[in-house]
Structures are given as structure tokens and as C-alpha cells.
>>> print(open('upload00.cif').read())   # mmCIF, C-alpha atoms
data_target
#
loop_
_atom_site.group_PDB
_atom_site.id
_atom_site.type_symbol
_atom_site.label_atom_id
_atom_site.label_comp_id
_atom_site.auth_asym_id
_atom_site.auth_seq_id
_atom_site.Cartn_x
_atom_site.Cartn_y
_atom_site.Cartn_z
ATOM 1 C CA MET Q 211 31.388 -0.265 14.398
ATOM 2 C CA SER Q 212 30.680 -3.253 12.161
ATOM 3 C CA GLY Q 213 27.540 -5.039 13.271
ATOM 4 C CA GLU Q 214 26.909 -2.428 15.970
ATOM 5 C CA GLU Q 215 23.660 -0.583 16.130
ATOM 6 C CA ALA Q 216 23.102 3.129 16.557
ATOM 7 C CA SER Q 217 21.924 3.500 20.137
ATOM 8 C CA ALA Q 218 19.041 5.874 19.472
ATOM 9 C CA CYS Q 219 17.100 3.772 16.980
ATOM 10 C CA LYS Q 220 18.686 0.389 16.441
ATOM 11 C CA VAL Q 221 20.174 0.838 12.973
ATOM 12 C CA SER Q 222 22.974 -1.428 11.773
ATOM 13 C CA LEU Q 223 26.124 0.468 10.862
ATOM 14 C CA THR Q 224 29.204 -0.299 8.773
ATOM 15 C CA GLU Q 225 32.689 -0.155 10.311
ATOM 16 C CA ASP Q 226 32.999 3.507 9.341
ATOM 17 C CA GLY Q 227 29.646 4.473 10.934
ATOM 18 C CA LYS Q 228 27.521 4.566 7.771
ATOM 19 C CA ASN Q 229 24.088 3.037 7.196
ATOM 20 C CA SER Q 230 24.420 -0.620 6.234
ATOM 21 C CA THR Q 231 20.867 -0.916 4.842
ATOM 22 C CA TRP Q 232 18.480 1.155 2.759
ATOM 23 C CA LEU Q 233 16.753 3.960 4.679
ATOM 24 C CA ILE Q 234 13.134 4.107 3.545
ATOM 25 C CA CYS Q 235 10.020 6.199 4.194
ATOM 26 C CA LYS Q 236 7.996 5.013 7.215
ATOM 27 C CA ARG Q 237 4.730 5.804 5.469
ATOM 28 C CA CYS Q 238 5.106 4.592 1.880
ATOM 29 C CA GLY Q 239 8.316 2.522 1.833
ATOM 30 C CA SER Q 240 9.984 4.713 -0.775
ATOM 31 C CA LYS Q 241 13.788 4.509 -0.961
ATOM 32 C CA ILE Q 242 15.423 7.556 0.643
ATOM 33 C CA VAL Q 243 19.148 6.672 1.002
ATOM 34 C CA GLU Q 244 21.050 3.634 -0.262
ATOM 35 C CA PRO Q 245 23.401 1.640 2.009
ATOM 36 C CA GLY Q 246 26.845 3.042 2.836
ATOM 37 C CA VAL Q 247 26.067 6.672 2.010
ATOM 38 C CA ALA Q 248 25.101 8.483 5.237
ATOM 39 C CA THR Q 249 27.097 8.847 8.458
ATOM 40 C CA PHE Q 250 25.435 8.330 11.850
ATOM 41 C CA VAL Q 251 25.633 11.360 14.173
ATOM 42 C CA GLU Q 252 24.080 11.961 17.583
ATOM 43 C CA GLN Q 253 23.171 15.646 17.730
ATOM 44 C CA GLU Q 254 19.951 17.150 19.050
ATOM 45 C CA ARG Q 255 17.795 19.128 16.632
ATOM 46 C CA HIS Q 256 14.141 20.103 16.877
ATOM 47 C CA LEU Q 257 11.751 19.036 14.087
ATOM 48 C CA PRO Q 258 8.058 19.859 13.631
ATOM 49 C CA ALA Q 259 5.541 16.998 13.881
ATOM 50 C CA MET Q 260 5.246 14.818 10.759
ATOM 51 C CA GLU Q 261 2.508 15.775 8.306
ATOM 52 C CA LYS Q 262 1.865 16.111 4.582
ATOM 53 C CA LYS Q 263 3.983 18.865 3.005
ATOM 54 C CA GLU Q 264 1.154 21.404 2.834
ATOM 55 C CA GLY Q 265 0.274 20.756 6.505
ATOM 56 C CA ILE Q 266 3.702 21.147 8.084
ATOM 57 C CA GLU Q 267 3.359 23.802 10.748
ATOM 58 C CA MET Q 268 6.487 25.814 11.355
ATOM 59 C CA THR Q 269 5.939 26.269 15.077
ATOM 60 C CA ALA Q 270 7.583 25.227 18.309
ATOM 61 C CA SER Q 271 5.403 22.104 18.411
ATOM 62 C CA GLY Q 272 7.211 18.965 17.438
ATOM 63 C CA GLU Q 273 10.008 17.122 19.147
ATOM 64 C CA PRO Q 274 13.731 17.213 19.812
ATOM 65 C CA LEU Q 275 15.477 14.331 18.052
ATOM 66 C CA SER Q 276 19.077 13.335 18.612
ATOM 67 C CA ALA Q 277 19.824 10.483 16.165
ATOM 68 C CA TYR Q 278 20.552 11.475 12.568
ATOM 69 C CA PHE Q 279 22.280 10.348 9.437
ATOM 70 C CA LYS Q 280 24.314 13.173 7.914
ATOM 71 C CA LEU Q 281 24.715 13.491 4.161
ATOM 72 C CA THR Q 282 26.921 16.052 2.438
ATOM 73 C CA ASP Q 283 25.338 16.281 -1.026
ATOM 74 C CA MET Q 284 21.673 16.381 -2.038
ATOM 75 C CA MET Q 285 22.520 13.988 -4.880
ATOM 76 C CA GLN Q 286 23.194 11.271 -2.274
ATOM 77 C CA PHE Q 287 19.438 10.967 -1.737
ATOM 78 C CA GLU Q 288 17.416 8.612 -3.890
ATOM 79 C CA ASN Q 289 14.054 10.214 -3.268
ATOM 80 C CA VAL Q 290 13.638 13.352 -1.180
ATOM 81 C CA GLY Q 291 11.896 16.695 -1.471
ATOM 82 C CA PHE Q 292 12.418 20.023 0.257
ATOM 83 C CA THR Q 293 10.107 22.615 1.779
ATOM 84 C CA LEU Q 294 10.477 26.324 1.176
ATOM 85 C CA PRO Q 295 12.925 28.075 3.520
ATOM 86 C CA TYR Q 296 11.626 28.998 6.962
ATOM 87 C CA GLU Q 297 13.710 30.832 9.574
ATOM 88 C CA GLY Q 298 17.017 29.705 8.076
ATOM 89 C CA ARG Q 299 16.004 26.078 7.510
ATOM 90 C CA LYS Q 300 14.484 23.822 4.860
ATOM 91 C CA PHE Q 301 12.871 20.555 5.809
ATOM 92 C CA LEU Q 302 13.315 17.225 4.023
ATOM 93 C CA ILE Q 303 10.201 15.281 3.009
ATOM 94 C CA CYS Q 304 9.549 12.005 1.198
ATOM 95 C CA ALA Q 305 9.216 12.909 -2.484
ATOM 96 C CA ASP Q 306 6.606 10.189 -3.099
ATOM 97 C CA CYS Q 307 4.075 10.683 -0.287
ATOM 98 C CA GLU Q 308 5.209 14.210 0.707
ATOM 99 C CA VAL Q 309 5.165 13.386 4.422
ATOM 100 C CA GLY Q 310 7.710 15.074 6.603
ATOM 101 C CA PRO Q 311 9.759 16.532 7.868
ATOM 102 C CA ILE Q 312 12.071 13.540 7.830
ATOM 103 C CA GLY Q 313 15.085 15.793 8.214
ATOM 104 C CA VAL Q 314 16.452 19.294 7.948
ATOM 105 C CA ILE Q 315 18.950 21.496 6.157
ATOM 106 C CA GLU Q 316 20.334 24.458 8.079
ATOM 107 C CA LEU Q 317 20.815 27.124 5.392
ATOM 108 C CA SER Q 318 23.851 28.426 7.287
ATOM 109 C CA SER Q 319 25.509 25.029 6.538
ATOM 110 C CA PRO Q 320 24.274 24.212 3.009
ATOM 111 C CA GLY Q 321 26.457 21.103 2.598
ATOM 112 C CA GLU Q 322 24.875 19.314 5.564
ATOM 113 C CA PHE Q 323 21.668 17.316 5.240
ATOM 114 C CA TRP Q 324 20.322 15.797 8.473
ATOM 115 C CA LEU Q 325 17.999 12.775 8.111
ATOM 116 C CA ALA Q 326 16.225 11.968 11.390
ATOM 117 C CA LEU Q 327 16.369 8.266 12.197
ATOM 118 C CA ASP Q 328 13.060 8.358 14.069
ATOM 119 C CA ARG Q 329 11.419 9.549 10.851
ATOM 120 C CA VAL Q 330 12.633 6.787 8.503
ATOM 121 C CA VAL Q 331 12.904 2.998 8.636
ATOM 122 C CA SER Q 332 15.986 0.847 8.151
ATOM 123 C CA ASP Q 333 15.181 -1.835 5.575
ATOM 124 C CA GLU Q 334 16.757 -4.812 7.357
ATOM 125 C CA SER Q 335 14.833 -7.251 5.110
ATOM 126 C CA GLY Q 336 16.412 -5.971 1.902
ATOM 127 C CA ALA Q 337 13.015 -5.478 0.255
ATOM 128 C CA ALA Q 338 13.865 -1.942 -0.897
ATOM 129 C CA ALA Q 339 16.948 -3.163 -2.754
ATOM 130 C CA ALA Q 340 14.783 -5.659 -4.631
ATOM 131 C CA LYS Q 341 12.486 -2.931 -5.968
ATOM 132 C CA PRO Q 342 13.577 -1.893 -9.455
ATOM 133 C CA ARG Q 343 14.512 1.714 -10.037
ATOM 134 C CA PRO Q 344 12.268 3.550 -12.510
ATOM 135 C CA GLN Q 345 13.563 3.559 -16.051
ATOM 136 C CA PHE Q 346 13.078 6.748 -18.033
ATOM 137 C CA SER Q 347 13.162 6.864 -21.787
ATOM 138 C CA THR Q 348 14.685 9.789 -23.616
#
>>> encode(input="upload00.cif", output="C-alpha cells")
Amino acid sequence: MSGEEASACKVSLTEDGKNSTWLICKRCGSKIVEPGVATFVEQERHLPAMEKKEGIEMTASGEPLSAYFKLTDMMQFENVGFTLPYEGRKFLICADCEVGPIGVIELSSPGEFWLALDRVVSDESGAAAAKPRPQFST
């Protein structure tokens, strides 16, 4: 799939179907997933409308989305937060601006993290890679 784009949201993929660019928050530009980590999957899942963490309504309102990047370990994320469990699911949010959900974890499949492509931006410009990572002193 080298050079191809995921049909649902025009994201460049590597030959093995992984993201070829940084995936960043639509709202604040925070780095969510680095290139080559997440696998593109077309699978319909329903997500609530995007809001700040404290405003996410766990109702039927929202939208069905079918384009996702699947990750298999929460440590593969650069910057993501989680909501409290609700009806067997936790939702992924941007850890910086707390807007979400940008994805979902089905608690029945704890090793599967689904990042909705309509809820993040592919950093085709490479600007996210140029941002330095925070350095913490011990």
C-alpha cells in the first residue's frame, strides 16, 4: 500500500498499512501517534459527538465512523487520555486539550485501541515531528 491513501479520510499509508505520518489532534495539534505505529482498519463503530472530556454525553447521539487506526498497546500513544468506563467502553481523548472522543477501547478486547481517523489529522507537513518532546528532569 505504499503511497496509497486510506479511502475514508485520505491518509498516506506505508506498505504494511500503517500510518506514514504523525497523527495529531484536530483542535490543538498535539502529537497522538508517531508514524509507522498504527494499522489502518475499516470497521464501523459509533462514537459520541466531540466535546471537552467533562461534556462528553454517553448517549446515542453522535455518528457511526468506519475508518480507524488500530493500536495494540496504550504505550504506543504519545499523548492520549481515557474517560471512565461506560457500558463496556472507554473513550480516548486528547490529553492536552481534553477534547474527544477521538477513539474507543472496547473493554471486552482490552488490547485493541481504535483511533477514529475523522477525529484526528494526518500531519503531512511534518510540523509535528519538528516539535521537540518535553524533557523532564529527575
>>> residues_around(input="upload00.cif", residues="Q:Leu327", least_positions_apart="6", cutoff="9 Å", atoms="only C-alpha atoms", output="ChimeraX atom specification")
/Q:218-219,221,233,275-279,312-313
>>> residues_around(input="upload00.cif", residues="Q:Leu302", least_positions_apart="4", cutoff="7 Å", atoms="only C-alpha atoms", output="VMD selection string")
chain Q and resid 290 to 293 310 to 314
>>> atom_distance(input="upload00.cif", atom1="atom CA of Q:Ile303", atom2="atom CA of Q:Val330")
10.4 Å
>>> closest_residue(input="upload00.cif", among="Q:Glu261, Q:Cys307, Q:Lys280, Q:Gly272", to="Q:Cys238", atoms="only C-alpha atoms")
Q:Cys307
>>> closest_residue(input="upload00.cif", among="Q:Gly321, Q:Gly227, Q:Pro274, Q:Gly298", to="Q:Glu254", atoms="all atoms listed in the file")
Q:Pro274
>>> atom_distance(input="upload00.cif", atom1="atom CA of Q:Ile242", atom2="atom CA of Q:Arg255")
19.9 Å
>>> closest_residue(input="upload00.cif", among="Q:Gln286, Q:Ser271, Q:Ser319, Q:Ser240", to="Q:Asp306", atoms="only C-alpha atoms")
Q:Ser240
>>> resolve_selection(input="upload00.cif", expression="the PyMOL selection byres ((chain Q and resi 322) around 8)", output="VMD selection string")
chain Q and resid 280 to 283 315 to 316 319 to 321 323 to 324
>>> residues_near_point(input="upload00.cif", point="(19.8, -0.3, 9.3)", cutoff="6 Å", atoms="all atoms listed in the file", output="ChimeraX atom specification")
/Q:221-222,229-231,332,334
>>> closest_residue(input="upload00.cif", among="Q:Val309, Q:Val243, Q:Val331, Q:Leu317", to="Q:Met260", atoms="all atoms listed in the file")
Q:Val309
>>> atom_distance(input="upload00.cif", atom1="atom CA of Q:Thr249", atom2="atom CA of Q:Ala305")
21.4 Å
>>> closest_residue(input="upload00.cif", among="Q:His256, Q:Lys241, Q:Lys236, Q:Arg329", to="Q:Glu288", atoms="all atoms listed in the file")
Q:Lys241
>>> closest_residue(input="upload00.cif", among="Q:Gln253, Q:Glu297, Q:Ser335, Q:Phe287", to="Q:Ser318", atoms="only C-alpha atoms")
Q:Glu297
